[in-house]
Structure formats: C-alpha cells, structure tokens
Amino acid sequence: MAKVAAELKYSAEHEWIAADGSGPSVVGVSAVAAEALGDIVYVDLPEVGATVTAGETCGEIESTKSVSDLYSPVTGEVTEVNDDVVGDPAVINNDPYGAGWLFKVTVTEEGPLLSAQEYAEANGGEL
Amino acid sequence: MTENYTALYEEHKKLGASFTDFGGWQMPLKYSSELAEHHAVRKAAGLFDLSHMGEVWVTGPDAGAFLDYALVGKLSAIADGKAKYSLICNEDGGIIDDLITYRFGDEKYLVVPNAGNAPTVAVALAERAATFDVTVEDASAATSLVAVQGPKAEAILLKLTDESQHALVTGLKYYAFNEVTVAGHDVILARTGYTGEDGFELFLPNEGAASLWESVAQAGEEFGIVPCGLASRDSLRLEAGMPLYGNELSLERSPFDAGLGPVVALKSKEGDFVGRAALEAAKEAGPKRKLVGLKGHGRRAGRGGYPVLKDGTVVGEVTSGQPSPTLGYPVALAYVDVEHADLGTALDVDLRGKAEPFEVVALPFYQRQK
C-alpha cells in the first residue's frame, strides 16, 4: 500500500504541501498518485515567478501509460522549481515526499486541504 | 466488468501485482516498475501470463477448407508444426479480430484470438462452420498460456527440458511449434510473441499453469527473468510496431488501412471467404488513411485519440503512443491521410492543445539484433 507521509497536508487531487509557516511551502505529488501513474517520464512544472491558483492546473505529469494534470493545492507565487525531477522524473516515483518535490510557493491562500489521516483514508494509503 | 480470473491469479497476487481489467479479465498490469519489466525483456527475459487469450480448436476433414473460408488468409497452406498470423473479418471487410493459427495436421488446427474477442470469434467460427465437416471447440476457459520472452528465453527453456528434447527447442523457427515437456508439463511450445524479442509461448491445461509458472520463474532467476504485466507488454509491442486490436484494428478498419494487405489472400485463394467481395473493393479503392509510425522530436508523447495535424489541419489520429523506453523518444502509431503518410513527412500531434513536432518513420520502431 502506498505510503502517506504523516507530517504533510494533501489536496484531493493528490498533491502534498509542506507548510511549516516559515518561508515558501514545498509542493509534490503523493506516493498514492505516483504509484497510480506508473513510471513517470516527463514533468512540466510552473515557472519561477508564476502565480498558481488553488485547485487549478499548473503543470503536467506524464507516465509511460498516461498524462495527468498537476493541480496547485494553494494560491501563491512560485519561488523555485525542482530542476532535478525535470531532468530525471523517476525521482518522483522513488522518493515522492523527498527528492521528488516539485516546486516551492509563497502561499497567499490555501485551497481545501486534507490531513494525512483524512487523505490516507480517502485513498487507501498507509500512514 | 471483470468476470474472469486466470489460473495464475493467485501467483500474481503473491508477487504483489497491480491489476487491471482487460477484455473482461483481471490481469496483472505490472508487478513493480513497468519500465524495469520492459527493459528486462529487451536485455534478459520476461514471464507473462497470457491466459486471457482464447484457444479455439478446429478439427475434422474440412478443417483447412473451413479456415480458408472463415479467415482472410490461406490457412490450409500452412505446414504442419507452423503458425500463421491472420484476421477474421465480417462481410463488410471490417476486422473482427487478429489471430494466430497453428497447424497440427490436415484435420487439426488451433486458433488463438484476443481475450476480449475470444467469445465473439468462437461464435463466428461456429456459425461459419455450418456447411463444413468440422468441429469447433472453444477451449479458452480450460487452457493457460504463458510467454517467456527475451534474449535469455531459449536458455531458460533448455534448463527446463530434458536433453533429448533440446533440439526441439533450439531447432524451433519463428512461428513454429513443437509438443515438448517443460518442467514436467506437456506443453505446446511455440516460438511466437508480441514483444519484438526472441521468445516462446507455452500452452497447457490450467491445472499445470501455476507449477509451470513457478518453475520458469525459478529457472530464469539466474538469467534475470522478471514477471511482466500488460503495461510492459503494450510498450514492447508498440516498439515492435505490432497492432493491438481495439487501438489499431477494429470493425471500422480494413486490413488495407492497417497495412495488413499481404495477410489477405485474395489471389492465392480461389474460393469465396467471408468478407471477400468487400475486401476486393477496399483493395481496389485503396485506403484513405493508413497506419504509420510517428517519432516525436520532443519529450511529450502522443496518446490514443490525439489528433495528427499538418499545418494546423487535422489529417489523422493517434491510435497508440507513449515514450519508448528502449529508444528514449516518443513513438506512436497513427492513422494518417495517405497524402501525408510518406516516410519523412513532418507532422504535428495535438498534445492537449499544443502542437508538437513528429515525423513519419518506418516500422518497426525497434528491431532486435539477430
């Protein structure tokens, strides 16, 4: 069963966000999503400086089998993107909550977010 | 809706497979990483459960003549111990299924249709058999099919067969078969596959399937065999430029659209066969769109259903596509208007609103070194 990291919050669209209140928040996709997608081969991320909007698409994740939109879990300005995952998208499969993070954002408004427990229960993940 | 489970379902569960519904069967999609499974078949070996495929026996004095009537090829001309790729069409020349026919003798053939089409094909064959002295028996539910594919497949099979039978394995040509004992099981061992690699397909009764599966997995361990699901099967066949029924082949497509004209024996068969008149007309008219291979210049892949564009105008549609794991660039099969189907033609694929450059290339995309 796919792991759900306890310290993170989640959107219904399977993005996670690490919001510790200090500095920009980190956004990635959950292991549940990474596993469902299969081996990820291409990722299209928002540009630094772009404004993303909670619940709206801000990029794309393509696996061998399918393409999924990337939704931003929050509204805010992108401050950094993870160029390592653009070069080697398999990192997202291997370490979705760590090295596979996608972008950092200065949050002005959160979208509806789930706790790790709520997300795990809704998606059959394992805390 | 999934109603069917193969005799190997418990084996797949033990291996931690993710499952998918395919043609009404609950089948392994992948066990770990579909890319790793894909590469294993190209470099070592993969083990597939294909028990969802159909097995229909055609026996009796008219077996050859009947198959010549029911299918588009000249099946009566196959030599004993050989197999042939063919199609079953309807009266309109539309493709009901693509299938492989194995000839055991004058009066005994095995027809192997696709999973989702097996019941339809079995019924169509039974209907077409009315005026022939043949028996059509659908043995799909009782028969398992296991494939061992990849450059190490032969070495693995040799390890599982008695030395006295090694020549039956090594001497087996592509699209030929022998009855061989593998790991104590009497199987039909065919040198066929759907991966673009050397490999074998093994038919046997359901009872022995799990035991055979485990024996092959064990014997293949030292060669790097891995169990493979339908995800890697699909990427392997796509690289090999092989059509998939439901994607490239359908009732709406004629064999000539799909580049399968040579499979239709209009000249070598004198008698009538189902679809003949429509197929003659289709050949005469020539296809408006034909199946081509597309190579992407970017990193994003075209997917089934995406429009193919020439200068912004729709001139075709992708039927299968994904990033090629072996080649490292996106590949796709697409139906394209014949005037834009020449090799080297620059086309775009509409990737969710953005035109990405592709080029018409020769098939197969990937060919193994022999």
# chains A, B, ... in the order shown; residues from 1 in each chain; ligands from 1
>>> residues_around(residues="region 105-114 of chain A", least_positions_apart="4", cutoff="6 Å", atoms="only C-alpha atoms", output="list in words")
Lys9, Tyr10, Ser11, Pro24, Ser25, Ala54, Pro73, Val74, Thr75, Gly76, Glu77, Val78, Thr79, Glu118 and Tyr119 of chain A
>>> residues_around(residues="Ser324 (chain B)", least_positions_apart="4", cutoff="9 Å", atoms="only C-alpha atoms", output="list of chain:residue names")
A:Thr64, B:Ser235, B:Leu236, B:Leu238, B:Glu239, B:Ala301, B:Gly328, B:Tyr329, B:Pro330, B:Val331, B:Ala332, B:Phe365
>>> closest_residue(among="A:Tyr42, A:Phe103, A:Tyr97, A:Tyr71", to="chain B", atoms="only C-alpha atoms")
A:Tyr42
>>> interface_residues(of="chain A", to="chain B", cutoff="10 Å", atoms="only C-alpha atoms", output="mmCIF file with N, CA and C atoms, in the first residue's frame")
data_model
loop_
_atom_site.group_PDB
_atom_site.id
_atom_site.type_symbol
_atom_site.label_atom_id
_atom_site.label_comp_id
_atom_site.auth_asym_id
_atom_site.auth_seq_id
_atom_site.Cartn_x
_atom_site.Cartn_y
_atom_site.Cartn_z
ATOM 1 N N GLU A 35 2.273 6.048 -7.611
ATOM 2 C CA GLU A 35 2.087 4.624 -7.870
ATOM 3 C C GLU A 35 1.005 4.391 -8.927
ATOM 4 N N ALA A 36 -0.064 5.171 -8.830
ATOM 5 C CA ALA A 36 -1.159 5.015 -9.789
ATOM 6 C C ALA A 36 -0.724 5.428 -11.198
ATOM 7 N N GLY A 38 2.242 5.176 -12.469
ATOM 8 C CA GLY A 38 3.266 4.317 -13.051
ATOM 9 C C GLY A 38 4.553 5.115 -13.198
ATOM 10 N N ASP A 39 5.478 4.567 -13.972
ATOM 11 C CA ASP A 39 6.789 5.206 -14.092
ATOM 12 C C ASP A 39 6.655 6.557 -14.778
ATOM 13 N N ILE A 40 7.047 7.597 -14.075
ATOM 14 C CA ILE A 40 6.911 8.962 -14.604
ATOM 15 C C ILE A 40 8.092 9.269 -15.530
ATOM 16 N N VAL A 41 7.783 9.789 -16.707
ATOM 17 C CA VAL A 41 8.832 10.009 -17.707
ATOM 18 C C VAL A 41 8.968 11.473 -18.125
ATOM 19 N N TYR A 42 8.007 12.296 -17.736
ATOM 20 C CA TYR A 42 8.053 13.701 -18.142
ATOM 21 C C TYR A 42 7.271 14.519 -17.138
ATOM 22 N N VAL A 43 7.823 15.669 -16.774
ATOM 23 C CA VAL A 43 7.082 16.548 -15.879
ATOM 24 C C VAL A 43 7.235 17.987 -16.352
ATOM 25 N N ASP A 44 6.101 18.669 -16.373
ATOM 26 C CA ASP A 44 6.060 20.058 -16.808
ATOM 27 C C ASP A 44 5.643 20.888 -15.592
ATOM 28 N N GLU A 62 3.564 13.146 -16.831
ATOM 29 C CA GLU A 62 3.333 12.120 -17.843
ATOM 30 C C GLU A 62 4.083 10.858 -17.443
ATOM 31 N N SER A 63 3.357 9.742 -17.450
ATOM 32 C CA SER A 63 3.987 8.456 -17.164
ATOM 33 C C SER A 63 4.021 7.654 -18.455
ATOM 34 N N THR A 64 4.577 6.454 -18.379
ATOM 35 C CA THR A 64 4.598 5.623 -19.582
ATOM 36 C C THR A 64 3.183 5.411 -20.103
ATOM 37 N N LYS A 65 2.212 5.339 -19.182
ATOM 38 C CA LYS A 65 0.866 4.976 -19.589
ATOM 39 C C LYS A 65 -0.106 6.130 -19.747
ATOM 40 N N SER A 66 0.150 7.255 -19.096
ATOM 41 C CA SER A 66 -0.898 8.275 -19.103
ATOM 42 C C SER A 66 -0.348 9.657 -18.798
ATOM 43 N N VAL A 67 -1.211 10.633 -18.928
ATOM 44 C CA VAL A 67 -0.863 12.016 -18.629
ATOM 45 C C VAL A 67 -1.839 12.527 -17.587
ATOM 46 N N ASN A 93 8.892 8.902 -8.556
ATOM 47 C CA ASN A 93 8.460 7.563 -8.154
ATOM 48 C C ASN A 93 9.262 7.057 -6.962
#
>>> residues_around(residues="Asp186 (chain B)", least_positions_apart="6", cutoff="8 Å", atoms="only C-alpha atoms", output="list of chain:residue names")
B:Glu179, B:Val180, B:Leu204
>>> residues_around(residues="Thr161 (chain B)", least_positions_apart="2", cutoff="8 Å", atoms="only C-alpha atoms", output="PyMOL selection string")
chain B and resi 157-159+163+165-166+180-183
>>> write_last_selection(atoms="C-alpha atoms", output="CSV table (one decimal), in the first residue's frame")
chain,number,residue,atom,x,y,z
B,157,LEU,CA,13.7,-23.3,-21.7
B,158,LEU,CA,16.7,-25.5,-22.2
B,159,LYS,CA,17.2,-25.6,-18.5
B,163,GLU,CA,18.4,-33.0,-23.1
B,165,GLN,CA,14.3,-32.6,-26.4
B,166,HIS,CA,16.8,-29.8,-26.6
B,180,VAL,CA,7.5,-30.5,-25.6
B,181,THR,CA,7.8,-31.4,-21.9
B,182,VAL,CA,8.8,-28.4,-19.9
B,183,ALA,CA,9.4,-28.8,-16.2
>>> closest_residue(among="A:Ala122, A:Ala6, A:Ile92, A:Leu102", to="Gly28 (chain A)", atoms="only C-alpha atoms")
A:Leu102
>>> select_by_dssp(residues="region 138-310 of chain B", states="helix (DSSP H, G or I)", output="PyMOL selection string")
chain B and resi 140-142+153-159+163-170+206-223+230-239+261-263+276-285
